[in-house]
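Colleague: Structure file structure-v8.cif (mmCIF, C-alpha atoms) is given on the next line.
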```
data_data
#
loop_
_atom_site.label_atom_id
_atom_site.label_comp_id
_atom_site.auth_asym_id
_atom_site.auth_seq_id
_atom_site.Cartn_x
_atom_site.Cartn_y
_atom_site.Cartn_z
CA MET W 1 33.98 14.91 24.22
CA THR W 2 32.17 12.55 21.88
CA SER W 3 28.73 11.53 23.11
CA SER W 4 28.02 7.84 23.69
CA PHE W 5 25.51 5.94 21.58
CA SER W 6 22.96 6.00 24.41
CA GLN W 7 23.31 9.77 24.65
CA HIS W 8 22.88 10.05 20.89
CA THR W 9 19.62 8.11 21.00
CA ALA W 10 18.30 9.98 24.05
CA PHE W 11 18.93 13.41 22.54
CA MET W 12 17.63 12.34 19.14
CA ALA W 13 14.48 10.99 20.78
CA ARG W 14 13.92 14.46 22.21
CA ALA W 15 14.46 16.00 18.77
CA ILE W 16 11.86 13.61 17.32
CA GLN W 17 9.40 14.65 20.04
CA LEU W 18 9.94 18.26 19.03
CA ALA W 19 9.51 17.46 15.33
CA ALA W 20 6.13 15.87 16.09
CA ARG W 21 4.90 19.25 17.35
CA GLY W 22 4.73 20.29 13.69
CA LEU W 23 2.43 17.38 12.83
CA TYR W 24 -0.52 19.62 11.92
CA THR W 25 1.16 22.87 10.91
CA CYS W 26 4.30 22.58 8.78
CA SER W 27 2.90 20.89 5.66
CA PRO W 28 4.04 20.58 2.90
CA ASN W 29 7.46 20.75 4.54
CA PRO W 30 8.80 17.82 6.57
CA ARG W 31 8.46 17.73 10.35
CA VAL W 32 11.87 18.45 11.84
CA GLY W 33 13.20 18.89 15.36
CA CYS W 34 16.59 19.99 16.68
CA VAL W 35 18.34 20.09 20.06
CA LEU W 36 21.69 21.67 20.89
CA VAL W 37 23.78 19.87 23.48
CA LYS W 38 26.90 21.02 25.39
CA SER W 39 28.68 19.03 28.10
CA GLY W 40 25.93 16.42 28.06
CA GLN W 41 23.13 18.95 28.67
CA ILE W 42 20.49 20.36 26.34
CA ILE W 43 21.07 24.08 26.01
CA ALA W 44 18.48 24.85 23.34
CA GLN W 45 15.80 23.27 21.20
CA GLY W 46 13.57 24.10 18.24
CA TRP W 47 11.27 22.62 15.64
CA HIS W 48 9.87 23.60 12.28
CA GLN W 49 6.54 25.15 13.15
CA LYS W 50 5.08 26.35 9.86
CA ALA W 51 5.94 26.26 6.16
CA GLY W 52 7.66 29.47 5.10
CA GLU W 53 8.93 30.17 8.61
CA LYS W 54 12.29 29.36 10.21
CA HIS W 55 13.48 25.78 10.23
CA ALA W 56 14.22 23.70 13.33
CA GLU W 57 17.97 24.38 13.40
CA VAL W 58 17.54 28.15 13.16
CA ASN W 59 14.87 28.08 15.86
CA ALA W 60 17.18 26.08 18.14
CA LEU W 61 20.04 28.54 17.60
CA ALA W 62 17.68 31.42 18.39
CA ASP W 63 16.53 29.59 21.51
CA ALA W 64 20.14 29.32 22.68
CA LEU W 65 20.65 33.05 22.24
CA SER W 66 17.42 33.99 23.99
CA GLY W 67 18.23 31.62 26.86
CA GLY W 68 21.63 33.13 27.47
CA PHE W 69 23.57 30.20 26.00
CA GLY W 70 24.96 32.08 23.01
CA ASP W 71 28.56 31.56 24.15
CA ASP W 72 27.95 27.82 24.50
CA ILE W 73 26.87 27.22 20.91
CA LYS W 74 30.47 27.06 19.72
CA GLY W 75 31.63 23.46 20.08
CA ALA W 76 28.12 22.16 20.78
CA THR W 77 26.51 19.12 19.19
CA ALA W 78 23.33 19.58 17.15
CA TYR W 79 20.85 16.71 16.98
CA VAL W 80 18.57 17.05 13.94
CA THR W 81 15.89 14.64 12.75
CA LEU W 82 16.53 15.41 9.07
CA GLU W 83 19.65 16.43 7.21
CA PRO W 84 20.04 20.23 7.39
CA CYS W 85 18.98 21.81 4.12
CA SER W 86 21.63 23.15 1.77
CA HIS W 87 19.50 25.14 -0.68
CA HIS W 88 17.76 28.49 -0.67
CA GLY W 89 13.99 28.02 -0.53
CA ARG W 90 11.76 30.38 1.39
CA THR W 91 14.46 30.37 4.06
CA PRO W 92 18.31 30.31 3.90
CA PRO W 93 20.24 26.99 4.14
CA CYS W 94 20.30 25.56 7.66
CA CYS W 95 23.71 23.93 7.19
CA ASN W 96 25.17 27.43 6.70
CA ALA W 97 23.63 28.56 9.99
CA LEU W 98 25.19 25.62 11.84
CA ILE W 99 28.58 26.25 10.21
CA LYS W 100 28.43 29.94 11.16
CA ALA W 101 27.52 28.99 14.74
CA GLU W 102 30.67 26.79 14.86
CA VAL W 103 29.03 23.67 16.23
CA ALA W 104 31.49 20.80 16.57
CA GLU W 105 29.23 17.91 15.61
CA VAL W 106 25.90 17.31 13.91
CA VAL W 107 24.00 14.08 14.58
CA ILE W 108 21.33 13.39 11.97
CA ALA W 109 18.53 10.84 12.06
CA MET W 110 18.22 10.50 8.28
CA GLN W 111 19.43 11.95 5.01
CA ASP W 112 16.99 14.29 3.27
CA PRO W 113 15.30 12.51 0.32
CA ASN W 114 14.68 15.89 -1.34
CA PRO W 115 16.83 15.93 -4.52
CA LEU W 116 17.69 19.56 -3.75
CA VAL W 117 19.50 18.35 -0.62
CA ALA W 118 20.17 14.57 -0.79
CA GLY W 119 23.51 14.54 1.03
CA GLU W 120 24.68 18.01 0.02
CA GLY W 121 24.00 19.39 3.51
CA ILE W 122 26.16 16.65 5.04
CA LYS W 123 28.98 17.37 2.56
CA ARG W 124 28.95 21.07 3.40
CA LEU W 125 29.12 20.40 7.12
CA GLN W 126 32.00 17.98 6.68
CA ALA W 127 33.84 20.39 4.38
CA ALA W 128 33.64 22.96 7.18
CA GLY W 129 35.33 20.53 9.57
CA ILE W 130 32.19 19.53 11.44
CA LYS W 131 31.84 15.89 12.47
CA VAL W 132 28.66 14.31 11.11
CA VAL W 133 26.94 11.17 12.37
CA CYS W 134 23.93 9.93 10.38
CA GLY W 135 21.36 7.19 11.01
CA VAL W 136 20.48 7.63 14.70
CA LEU W 137 16.83 6.58 15.23
CA GLU W 138 16.34 6.67 11.46
CA GLN W 139 13.23 4.48 11.43
CA GLU W 140 11.48 6.71 13.96
CA ALA W 141 12.37 9.78 11.92
CA ARG W 142 11.15 8.17 8.70
CA ALA W 143 7.82 7.27 10.32
CA LEU W 144 7.28 10.91 11.21
CA ASN W 145 7.63 12.00 7.56
CA SER W 146 6.51 8.95 5.60
CA GLY W 147 4.37 11.02 3.25
CA PHE W 148 7.12 13.55 2.49
CA ILE W 149 9.60 10.71 1.91
CA LYS W 150 7.29 8.88 -0.48
CA ARG W 151 6.62 12.07 -2.45
CA MET W 152 10.34 12.78 -2.77
CA GLU W 153 11.35 9.21 -3.61
CA GLN W 154 8.40 8.08 -5.76
CA GLY W 155 6.62 11.23 -6.89
CA MET W 156 3.44 10.06 -5.15
CA PRO W 157 1.79 11.04 -1.87
CA LEU W 158 1.10 8.59 0.93
CA LEU W 159 -2.56 7.58 0.71
CA ARG W 160 -4.26 6.71 3.98
CA CYS W 161 -7.79 5.30 3.75
CA LYS W 162 -10.17 5.82 6.67
CA MET W 163 -13.25 3.61 6.89
CA ALA W 164 -15.90 3.05 9.56
CA MET W 165 -17.70 -0.27 9.78
CA SER W 166 -19.96 -2.37 11.94
CA LEU W 167 -18.84 -5.59 13.61
CA ASP W 168 -20.20 -7.48 10.60
CA GLY W 169 -18.13 -5.41 8.18
CA ARG W 170 -20.79 -3.04 6.84
CA THR W 171 -20.33 0.66 6.15
CA ALA W 172 -23.81 1.88 5.21
CA MET W 173 -27.35 0.64 4.94
CA ALA W 174 -28.63 -0.37 1.51
CA SER W 175 -30.16 3.12 1.23
CA GLY W 176 -26.74 4.70 1.75
CA GLU W 177 -27.50 5.86 5.29
CA SER W 178 -24.28 5.77 7.34
CA GLN W 179 -24.27 8.53 9.98
CA TRP W 180 -23.12 7.76 12.59
CA ILE W 181 -21.55 4.30 12.78
CA THR W 182 -18.81 5.18 15.25
CA GLY W 183 -18.81 7.24 18.43
CA SER W 184 -17.50 10.70 19.24
CA ALA W 185 -13.99 9.54 20.25
CA ALA W 186 -13.42 7.98 16.82
CA ARG W 187 -14.79 11.07 15.10
CA LYS W 188 -12.30 13.25 17.01
CA GLU W 189 -9.49 11.03 15.74
CA VAL W 190 -10.75 11.43 12.18
CA GLN W 191 -10.67 15.20 12.60
CA ARG W 192 -7.00 14.92 13.58
CA LEU W 193 -6.32 12.71 10.58
CA ARG W 194 -7.84 15.43 8.41
CA ALA W 195 -5.76 18.11 10.13
CA GLN W 196 -2.46 16.32 9.46
CA SER W 197 -3.35 15.63 5.82
CA CYS W 198 -2.54 17.84 2.85
CA ALA W 199 -5.66 16.72 0.99
CA ILE W 200 -8.87 14.80 1.66
CA ILE W 201 -10.48 12.77 -1.13
CA THR W 202 -14.10 11.70 -1.23
CA GLY W 203 -16.36 10.28 -3.91
CA ILE W 204 -19.48 11.80 -5.40
CA ASP W 205 -21.66 9.12 -3.74
CA SER W 206 -20.58 10.37 -0.30
CA VAL W 207 -21.39 13.94 -1.30
CA LEU W 208 -24.83 12.98 -2.66
CA LEU W 209 -25.73 10.84 0.36
CA ASP W 210 -24.17 12.80 3.25
CA ASP W 211 -23.64 16.30 1.78
CA SER W 212 -20.26 16.18 3.53
CA SER W 213 -18.11 19.29 3.84
CA LEU W 214 -14.73 17.63 4.59
CA THR W 215 -13.57 20.45 6.86
CA VAL W 216 -11.30 20.47 9.89
CA ARG W 217 -13.37 21.75 12.81
CA ALA W 218 -11.47 23.28 15.72
CA GLN W 219 -14.11 22.39 18.31
CA GLU W 220 -13.82 18.69 17.44
CA LEU W 221 -10.01 18.41 17.42
CA ASP W 222 -9.62 18.42 21.21
CA LEU W 223 -6.06 19.70 20.78
CA PRO W 224 -4.04 22.65 22.09
CA GLU W 225 -4.03 25.50 19.55
CA ALA W 226 -7.00 23.91 17.77
CA GLU W 227 -8.09 27.24 16.30
CA LEU W 228 -4.63 27.76 14.80
CA ILE W 229 -4.52 24.23 13.43
CA ALA W 230 -7.96 24.59 11.82
CA GLN W 231 -6.84 27.69 9.94
CA ARG W 232 -5.03 25.39 7.49
CA GLN W 233 -7.84 23.56 5.72
CA PRO W 234 -6.63 20.64 3.59
CA LEU W 235 -7.35 20.60 -0.11
CA ARG W 236 -10.78 18.98 -0.60
CA VAL W 237 -10.98 16.62 -3.57
CA VAL W 238 -14.22 15.20 -4.97
CA VAL W 239 -13.96 12.35 -7.45
CA ASP W 240 -17.00 12.79 -9.70
CA SER W 241 -16.48 10.92 -12.96
CA ALA W 242 -19.84 11.84 -14.54
CA LEU W 243 -20.17 15.35 -13.05
CA ARG W 244 -23.21 14.53 -10.93
CA ILE W 245 -22.45 17.03 -8.17
CA PRO W 246 -25.37 19.36 -7.33
CA LEU W 247 -24.51 23.06 -7.29
CA SER W 248 -26.13 23.23 -3.85
CA ALA W 249 -23.55 20.85 -2.30
CA LYS W 250 -21.93 22.14 0.90
CA ILE W 251 -18.48 21.17 -0.29
CA LEU W 252 -18.70 23.73 -3.10
CA LYS W 253 -19.29 26.52 -0.59
CA GLN W 254 -16.44 26.00 1.90
CA SER W 255 -13.60 28.45 2.38
CA GLY W 256 -10.24 27.17 1.22
CA ARG W 257 -9.42 25.14 -1.84
CA THR W 258 -11.72 22.55 -3.42
CA LEU W 259 -10.90 20.40 -6.45
CA LEU W 260 -13.51 18.54 -8.49
CA VAL W 261 -11.98 15.70 -10.52
CA THR W 262 -14.00 14.31 -13.40
CA ALA W 263 -13.79 12.20 -16.53
CA ASN W 264 -16.56 14.19 -18.22
CA GLN W 265 -15.78 16.97 -20.70
CA ASN W 266 -18.93 19.00 -19.95
CA GLU W 267 -17.46 22.44 -20.55
CA ASN W 268 -20.61 24.38 -19.64
CA LEU W 269 -21.00 22.73 -16.25
CA GLN W 270 -17.27 22.92 -15.60
CA ARG W 271 -17.39 26.66 -16.29
CA VAL W 272 -20.30 27.17 -13.86
CA ILE W 273 -18.47 25.22 -11.14
CA SER W 274 -15.24 27.11 -11.78
CA GLN W 275 -17.06 30.42 -11.43
CA ARG W 276 -17.86 29.38 -7.86
CA GLY W 277 -14.17 29.25 -7.06
CA VAL W 278 -13.89 25.46 -7.35
CA GLU W 279 -11.11 24.01 -9.48
CA VAL W 280 -12.09 21.40 -12.06
CA LEU W 281 -9.64 18.80 -13.31
CA CYS W 282 -10.45 16.31 -16.06
CA LEU W 283 -8.53 13.03 -15.77
CA PRO W 284 -10.34 10.43 -17.89
CA GLY W 285 -9.31 6.83 -17.40
CA LYS W 286 -10.80 3.45 -18.25
CA ASP W 287 -14.57 2.91 -18.39
CA LYS W 288 -15.22 6.67 -18.34
CA ARG W 289 -13.96 6.89 -14.76
CA VAL W 290 -11.34 9.13 -13.18
CA ASP W 291 -7.76 7.91 -13.52
CA LEU W 292 -6.85 7.57 -9.84
CA GLN W 293 -3.15 6.99 -10.57
CA ALA W 294 -3.02 10.30 -12.47
CA LEU W 295 -4.86 12.00 -9.61
CA MET W 296 -2.24 10.83 -7.10
CA LYS W 297 0.55 12.12 -9.33
CA TYR W 298 -1.25 15.46 -9.64
CA LEU W 299 -1.59 15.75 -5.86
CA ALA W 300 2.14 15.06 -5.48
CA GLU W 301 2.81 17.88 -7.93
CA GLN W 302 0.63 20.05 -5.67
CA GLN W 303 3.08 19.22 -2.83
CA CYS W 304 0.71 16.91 -1.02
CA ASN W 305 2.58 14.56 1.33
CA GLU W 306 -0.25 12.77 3.12
CA VAL W 307 -3.67 12.28 1.53
CA LEU W 308 -6.70 10.99 3.40
CA LEU W 309 -9.31 8.98 1.52
CA GLU W 310 -12.76 9.23 3.11
CA ALA W 311 -15.09 7.52 0.69
CA GLY W 312 -17.58 4.74 0.20
CA ALA W 313 -16.98 1.13 -0.79
CA ARG W 314 -16.79 1.83 -4.54
CA LEU W 315 -14.04 4.47 -4.59
CA ALA W 316 -12.14 2.86 -1.72
CA GLY W 317 -12.29 -0.48 -3.50
CA SER W 318 -11.06 1.05 -6.75
CA ALA W 319 -8.11 2.67 -4.96
CA LEU W 320 -7.27 -0.64 -3.29
CA GLN W 321 -7.44 -2.54 -6.58
CA ALA W 322 -5.18 0.08 -8.16
CA GLN W 323 -2.71 -0.57 -5.31
CA LEU W 324 -2.72 3.10 -4.36
CA ILE W 325 -3.61 2.79 -0.67
CA ASP W 326 -0.60 2.70 1.64
CA GLU W 327 -2.36 2.53 5.00
CA LEU W 328 -5.80 1.52 6.23
CA ARG W 329 -7.38 3.06 9.32
CA ILE W 330 -10.57 1.13 10.07
CA TYR W 331 -12.87 2.01 12.96
CA MET W 332 -15.11 -0.88 14.01
CA ALA W 333 -18.27 -0.14 15.98
CA PRO W 334 -20.01 -2.62 18.31
CA LEU W 335 -23.13 -2.97 16.20
CA LEU W 336 -24.59 -5.16 13.47
CA MET W 337 -26.03 -3.68 10.29
CA GLY W 338 -27.17 -6.85 8.56
CA SER W 339 -26.63 -8.63 5.27
CA GLU W 340 -28.46 -6.04 3.17
CA ALA W 341 -26.05 -3.25 4.18
CA ARG W 342 -23.10 -2.19 2.04
CA PRO W 343 -19.67 -3.86 2.39
CA LEU W 344 -16.44 -2.22 3.51
CA PHE W 345 -14.86 -2.36 0.04
CA ASP W 346 -16.35 -2.99 -3.37
CA LEU W 347 -13.95 -5.76 -4.38
CA PRO W 348 -15.35 -8.24 -6.92
CA LEU W 349 -13.14 -11.13 -5.79
CA GLN W 350 -14.32 -14.60 -6.79
CA THR W 351 -11.94 -17.14 -5.25
CA MET W 352 -9.66 -17.47 -2.22
CA ALA W 353 -6.75 -17.15 -4.63
CA ASP W 354 -7.93 -13.61 -5.32
CA LYS W 355 -7.94 -12.60 -1.65
CA MET W 356 -6.07 -9.49 -0.53
CA THR W 357 -3.77 -9.81 2.47
CA LEU W 358 -3.34 -7.15 5.14
CA LYS W 359 -0.62 -6.74 7.74
CA ILE W 360 -2.14 -5.60 11.04
CA GLN W 361 -0.02 -2.90 12.67
CA GLN W 362 -2.10 -2.43 15.79
CA ILE W 363 -5.60 -2.80 17.24
CA ARG W 364 -6.71 -0.48 20.01
CA ALA W 365 -9.84 0.73 21.75
CA VAL W 366 -11.17 4.19 20.87
CA GLY W 367 -14.06 4.99 23.17
CA ASP W 368 -16.61 2.21 22.59
CA ASP W 369 -15.13 1.40 19.17
CA TRP W 370 -12.02 -0.43 18.00
CA CYS W 371 -9.40 0.97 15.65
CA ILE W 372 -7.48 -1.30 13.28
CA ASP W 373 -4.36 0.02 11.56
CA ALA W 374 -3.32 -2.20 8.66
CA LEU W 375 -1.06 -2.19 5.62
CA PRO W 376 -2.23 -3.70 2.33
CA GLN W 377 0.20 -6.37 1.11
CA TYR W 378 0.36 -5.98 -2.65
CA HIS W 379 1.94 -8.73 -4.75
#
```
Written as structure tokens, that's how I'd like the structure from this file.

Modeller:
Amino acid sequence: MTSSFSQHTAFMARAIQLAARGLYTCSPNPRVGCVLVKSGQIIAQGWHQKAGEKHAEVNALADALSGGFGDDIKGATAYVTLEPCSHHGRTPPCCNALIKAEVAEVVIAMQDPNPLVAGEGIKRLQAAGIKVVCGVLEQEARALNSGFIKRMEQGMPLLRCKMAMSLDGRTAMASGESQWITGSAARKEVQRLRAQSCAIITGIDSVLLDDSSLTVRAQELDLPEAELIAQRQPLRVVVDSALRIPLSAKILKQSGRTLLVTANQNENLQRVISQRGVEVLCLPGKDKRVDLQALMKYLAEQQCNEVLLEAGARLAGSALQAQLIDELRIYMAPLLMGSEARPLFDLPLQTMADKMTLKIQQIRAVGDDWCIDALPQYH
């Protein structure tokens, strides 16, 4: 019996909840959830837990077998947040698994933007006589994988910029001192932003002033399975146009992968840094500065879906002027830092006609601070 629209949305909502459980662990793959339904009841569920491991559909089928519902899979309806894959990657095609299981219907939130799939999974299911419905809670599914979608459709990662400021819009004292503007609740959120990101970018000024390490720290995540989540350290990226980084910097000594991006062809220094296990990439742009557009393209080639920019006013302002920032996450602390302190963004705008418009998505309290989520409106 065909499920009603309300049933479709209810079961898909559950699949989206499951997909979100892979928020910190399945990168660079998309977050996907799946539920199997028979006679209006969920008989099994699964989600993609980690890149290289079984996909959501296969995990749901395994859950049905382990739960004693193996005989009920035939004729069931599968609700999947993303079109089942049709190609051999590190795992076999999921559409083949659903066909072999003889499900009667597959309800999909959205078509896979990956060119290796892009409708082919749907065609295979339909060719096998399986009814396919697509587009149920599509916007919710897209929001869960916005970085993956942008990388597949535009060849660029989603760039999210995190900034912390005082009530009067300042990010650091004139000396560069900035720790700590916000409270512990906001800092926990930033740790989670790092954990869900494929890469974290900072500028050389932040390294010189704060000696930041840009690591995900399990004890600060305040999440279940924090130790497991922290095992996947995002790629750390330092934008250092003139190669000013000191060899004693903490960020050069962290486990995991670190990339130093420069516009300076100092081969001797690059060789010394490389010998420490740090990758060096030269991307010269205008005014002897790093080409940020080329850097974003490179990160997409490295399979980065979501990139977090944690930098000072200069680099953040340059990224904003280059129209590279997709989302702004601004934490505002209840304090005043004065007119001599540094601004939120280094934007040399002269007239109101030059102003940059933002679309506020939400404003919420985080401990004693406020969090503003906004989208730059480029014209």

Colleague: Determine the residue set returned by the PyMOL selection byres ((chain W and resi 337) around 8) for the present structure, and present it as a list in words.

Modeller: Ser166, Asp168, Arg170, Ala172, Met173, Leu335, Leu336, Gly338, Ser339, Glu340 and Ala341 of chain W

Colleague: I'd like to see the residues matched by the PyMOL selection byres ((chain W and resi 359) around 7) on this file, and ideally I'd get them as a list in words.

Modeller: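 Applying the expression gives Thr357, Leu358, Ile360, Gln361, Ala374, Leu375, Pro376 and Gln377 of chain W.
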
Colleague: Identify, on the basis of only C-alpha atoms, every residue whose closest approach to Ala13 in chain W does not exceed 9 Å; exclude the query and any residue fewer than 3 positions from it along the same chain; express the result as a list in words.

Modeller: His8, Thr9, Ala10, Ile16, Gln17, Leu18, Thr81, Leu137 and Glu140 of chain W

Colleague: Suppose we keep C-alpha atoms; can you now write the selection as a CSV table (one decimal), in the frame of the given file?

Modeller:
```
chain,number,residue,atom,x,y,z
W,8,HIS,CA,22.9,10.0,20.9
W,9,THR,CA,19.6,8.1,21.0
W,10,ALA,CA,18.3,10.0,24.0
W,16,ILE,CA,11.9,13.6,17.3
W,17,GLN,CA,9.4,14.6,20.0
W,18,LEU,CA,9.9,18.3,19.0
W,81,THR,CA,15.9,14.6,12.8
W,137,LEU,CA,16.8,6.6,15.2
W,140,GLU,CA,11.5,6.7,14.0
```

Colleague: Ranking W:Val107, W:Val307, W:Ala230, W:Ile245 by minimum distance to Leu209 in chain W and counting all atoms listed in the file, which one comes first?

Modeller: W:Ile245

Colleague: Find the residues near Ala104 in chain W: any atom within 6 Å, counting only C-alpha atoms, skip ones fewer than 5 places away on the same chain, and give them as a list in words.

Modeller: Gly75, Ala76, Thr77 and Ile130 of chain W

Colleague: For range 362-366 of chain W, what centre and edge lengths in Å (one decimal) does the axis-aligned box get once 4 Å is added on each side of all its listed atoms, as JSON?

Modeller:
```
{"center_x": -6.6, "center_y": 0.7, "center_z": 18.8, "size_x": 17.1, "size_y": 15.0, "size_z": 14.0}
```

Colleague: To test your reading of the syntax: which residues would the PyMOL selection byres ((chain W and resi 243) around 9) return for the file shown? Reply as a PDB file with C-alpha atoms, in the coordinates of the input.

Modeller:
```pdb
ATOM      1  CA  ILE W 204     -19.480  11.800  -5.400  1.00  0.00           C
ATOM      2  CA  VAL W 239     -13.960  12.350  -7.450  1.00  0.00           C
ATOM      3  CA  ASP W 240     -17.000  12.790  -9.700  1.00  0.00           C
ATOM      4  CA  SER W 241     -16.480  10.920 -12.960  1.00  0.00           C
ATOM      5  CA  ALA W 242     -19.840  11.840 -14.540  1.00  0.00           C
ATOM      6  CA  ARG W 244     -23.210  14.530 -10.930  1.00  0.00           C
ATOM      7  CA  ILE W 245     -22.450  17.030  -8.170  1.00  0.00           C
ATOM      8  CA  PRO W 246     -25.370  19.360  -7.330  1.00  0.00           C
ATOM      9  CA  LEU W 260     -13.510  18.540  -8.490  1.00  0.00           C
ATOM     10  CA  VAL W 261     -11.980  15.700 -10.520  1.00  0.00           C
ATOM     11  CA  THR W 262     -14.000  14.310 -13.400  1.00  0.00           C
ATOM     12  CA  ALA W 263     -13.790  12.200 -16.530  1.00  0.00           C
ATOM     13  CA  ASN W 264     -16.560  14.190 -18.220  1.00  0.00           C
ATOM     14  CA  GLN W 265     -15.780  16.970 -20.700  1.00  0.00           C
ATOM     15  CA  ASN W 266     -18.930  19.000 -19.950  1.00  0.00           C
ATOM     16  CA  LEU W 269     -21.000  22.730 -16.250  1.00  0.00           C
ATOM     17  CA  GLN W 270     -17.270  22.920 -15.600  1.00  0.00           C
TER      18      GLN W 270
END
```

Colleague: Which neighbours of Cys34 in chain W fall inside 10 Å, counting all atoms listed in the file, when residues of the same chain fewer than 6 positions from it are skipped, and could you give them as a list in words?

Modeller: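 The residues satisfying every condition are Phe11, Met12, Arg14, Ala15, Ile16, Gln17, Leu18, Ala19, Ala44, Gln45, Gly46, Trp47, His48, His55, Ala56, Glu57, Val58, Asn59, Ala60, Leu61, Ala78, Tyr79, Val80, Thr81, Leu82, Pro84, Val107 and Ile108 of chain W.
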
Colleague: Take the residues just selected and output them with C-alpha atoms as a PDB file, in the coordinates of the input.

Modeller:
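So the final result, stored in selection-v4.pdb, reads:
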```
ATOM      1  CA  PHE W  11      18.930  13.410  22.540  1.00  0.00           C
ATOM      2  CA  MET W  12      17.630  12.340  19.140  1.00  0.00           C
ATOM      3  CA  ARG W  14      13.920  14.460  22.210  1.00  0.00           C
ATOM      4  CA  ALA W  15      14.460  16.000  18.770  1.00  0.00           C
ATOM      5  CA  ILE W  16      11.860  13.610  17.320  1.00  0.00           C
ATOM      6  CA  GLN W  17       9.400  14.650  20.040  1.00  0.00           C
ATOM      7  CA  LEU W  18       9.940  18.260  19.030  1.00  0.00           C
ATOM      8  CA  ALA W  19       9.510  17.460  15.330  1.00  0.00           C
ATOM      9  CA  ALA W  44      18.480  24.850  23.340  1.00  0.00           C
ATOM     10  CA  GLN W  45      15.800  23.270  21.200  1.00  0.00           C
ATOM     11  CA  GLY W  46      13.570  24.100  18.240  1.00  0.00           C
ATOM     12  CA  TRP W  47      11.270  22.620  15.640  1.00  0.00           C
ATOM     13  CA  HIS W  48       9.870  23.600  12.280  1.00  0.00           C
ATOM     14  CA  HIS W  55      13.480  25.780  10.230  1.00  0.00           C
ATOM     15  CA  ALA W  56      14.220  23.700  13.330  1.00  0.00           C
ATOM     16  CA  GLU W  57      17.970  24.380  13.400  1.00  0.00           C
ATOM     17  CA  VAL W  58      17.540  28.150  13.160  1.00  0.00           C
ATOM     18  CA  ASN W  59      14.870  28.080  15.860  1.00  0.00           C
ATOM     19  CA  ALA W  60      17.180  26.080  18.140  1.00  0.00           C
ATOM     20  CA  LEU W  61      20.040  28.540  17.600  1.00  0.00           C
ATOM     21  CA  ALA W  78      23.330  19.580  17.150  1.00  0.00           C
ATOM     22  CA  TYR W  79      20.850  16.710  16.980  1.00  0.00           C
ATOM     23  CA  VAL W  80      18.570  17.050  13.940  1.00  0.00           C
ATOM     24  CA  THR W  81      15.890  14.640  12.750  1.00  0.00           C
ATOM     25  CA  LEU W  82      16.530  15.410   9.070  1.00  0.00           C
ATOM     26  CA  PRO W  84      20.040  20.230   7.390  1.00  0.00           C
ATOM     27  CA  VAL W 107      24.000  14.080  14.580  1.00  0.00           C
ATOM     28  CA  ILE W 108      21.330  13.390  11.970  1.00  0.00           C
TER      29      ILE W 108
END
```

Colleague: Could you check the closest approach to Glu102 in chain W for each of W:Leu159, W:Leu116, W:Leu36, W:Met352 and tell me which residue wins, using only C-alpha atoms?

Modeller: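 Checking each of W:Leu159, W:Leu116, W:Leu36, W:Met352 against Glu102 in chain W, counting only C-alpha atoms, the winner is W:Leu36.
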
Colleague: If we draw a sphere of 7 Å around (-11.8, 1.8, 13.4), which residues have at least one atom in it when counting all atoms listed in the file? Please report them as a PDB file with C-alpha atoms, keeping the file's coordinate frame.

Modeller:
```
ATOM      1  CA  MET W 163     -13.250   3.610   6.890  1.00  0.00           C
ATOM      2  CA  ALA W 164     -15.900   3.050   9.560  1.00  0.00           C
ATOM      3  CA  ARG W 329      -7.380   3.060   9.320  1.00  0.00           C
ATOM      4  CA  ILE W 330     -10.570   1.130  10.070  1.00  0.00           C
ATOM      5  CA  TYR W 331     -12.870   2.010  12.960  1.00  0.00           C
ATOM      6  CA  MET W 332     -15.110  -0.880  14.010  1.00  0.00           C
ATOM      7  CA  ASP W 369     -15.130   1.400  19.170  1.00  0.00           C
ATOM      8  CA  TRP W 370     -12.020  -0.430  18.000  1.00  0.00           C
ATOM      9  CA  CYS W 371      -9.400   0.970  15.650  1.00  0.00           C
ATOM     10  CA  ILE W 372      -7.480  -1.300  13.280  1.00  0.00           C
TER      11      ILE W 372
END
```

Colleague: What's the 9 Å shell around Leu144 in chain W, counting only C-alpha atoms, without same-chain residues fewer than 5 positions away, as a PDB file with C-alpha atoms, in the coordinates of the input?

Modeller:
```
ATOM      1  CA  ILE W  16      11.860  13.610  17.320  1.00  0.00           C
ATOM      2  CA  ALA W  19       9.510  17.460  15.330  1.00  0.00           C
ATOM      3  CA  ALA W  20       6.130  15.870  16.090  1.00  0.00           C
ATOM      4  CA  LEU W  23       2.430  17.380  12.830  1.00  0.00           C
ATOM      5  CA  PRO W  30       8.800  17.820   6.570  1.00  0.00           C
ATOM      6  CA  ARG W  31       8.460  17.730  10.350  1.00  0.00           C
ATOM      7  CA  VAL W  32      11.870  18.450  11.840  1.00  0.00           C
ATOM      8  CA  GLN W 139      13.230   4.480  11.430  1.00  0.00           C
TER       9      GLN W 139
END
```

Colleague: Rounded to one decimal place, report the CA of Asp222 in chain W-CA of Val366 in chain W distance in Å.

Modeller: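 It comes out at 14.3 Å.
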
Colleague: Using CA of Asn305 in chain W and CA of Cys134 in chain W as the two end points, give the distance in Å to one decimal.

Modeller: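 Spanning CA of Asn305 in chain W to CA of Cys134 in chain W is a straight-line distance of 23.6 Å.
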
Colleague: So that I can check the surroundings of Gly155 in chain W, please list as a PyMOL selection string every protein, DNA and RNA residue that reaches within 7 Å of it, counting only C-alpha atoms and ignoring chain neighbours fewer than 5 positions away.

Modeller: chain W and resi 150+297+300

Colleague: Kindly give the distance, in Å, that separates CA of Val136 in chain W and CA of Met152 in chain W, rounded to a single decimal.

Modeller: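 Interatomic distance, CA of Val136 in chain W to CA of Met152 in chain W: 20.8 Å.
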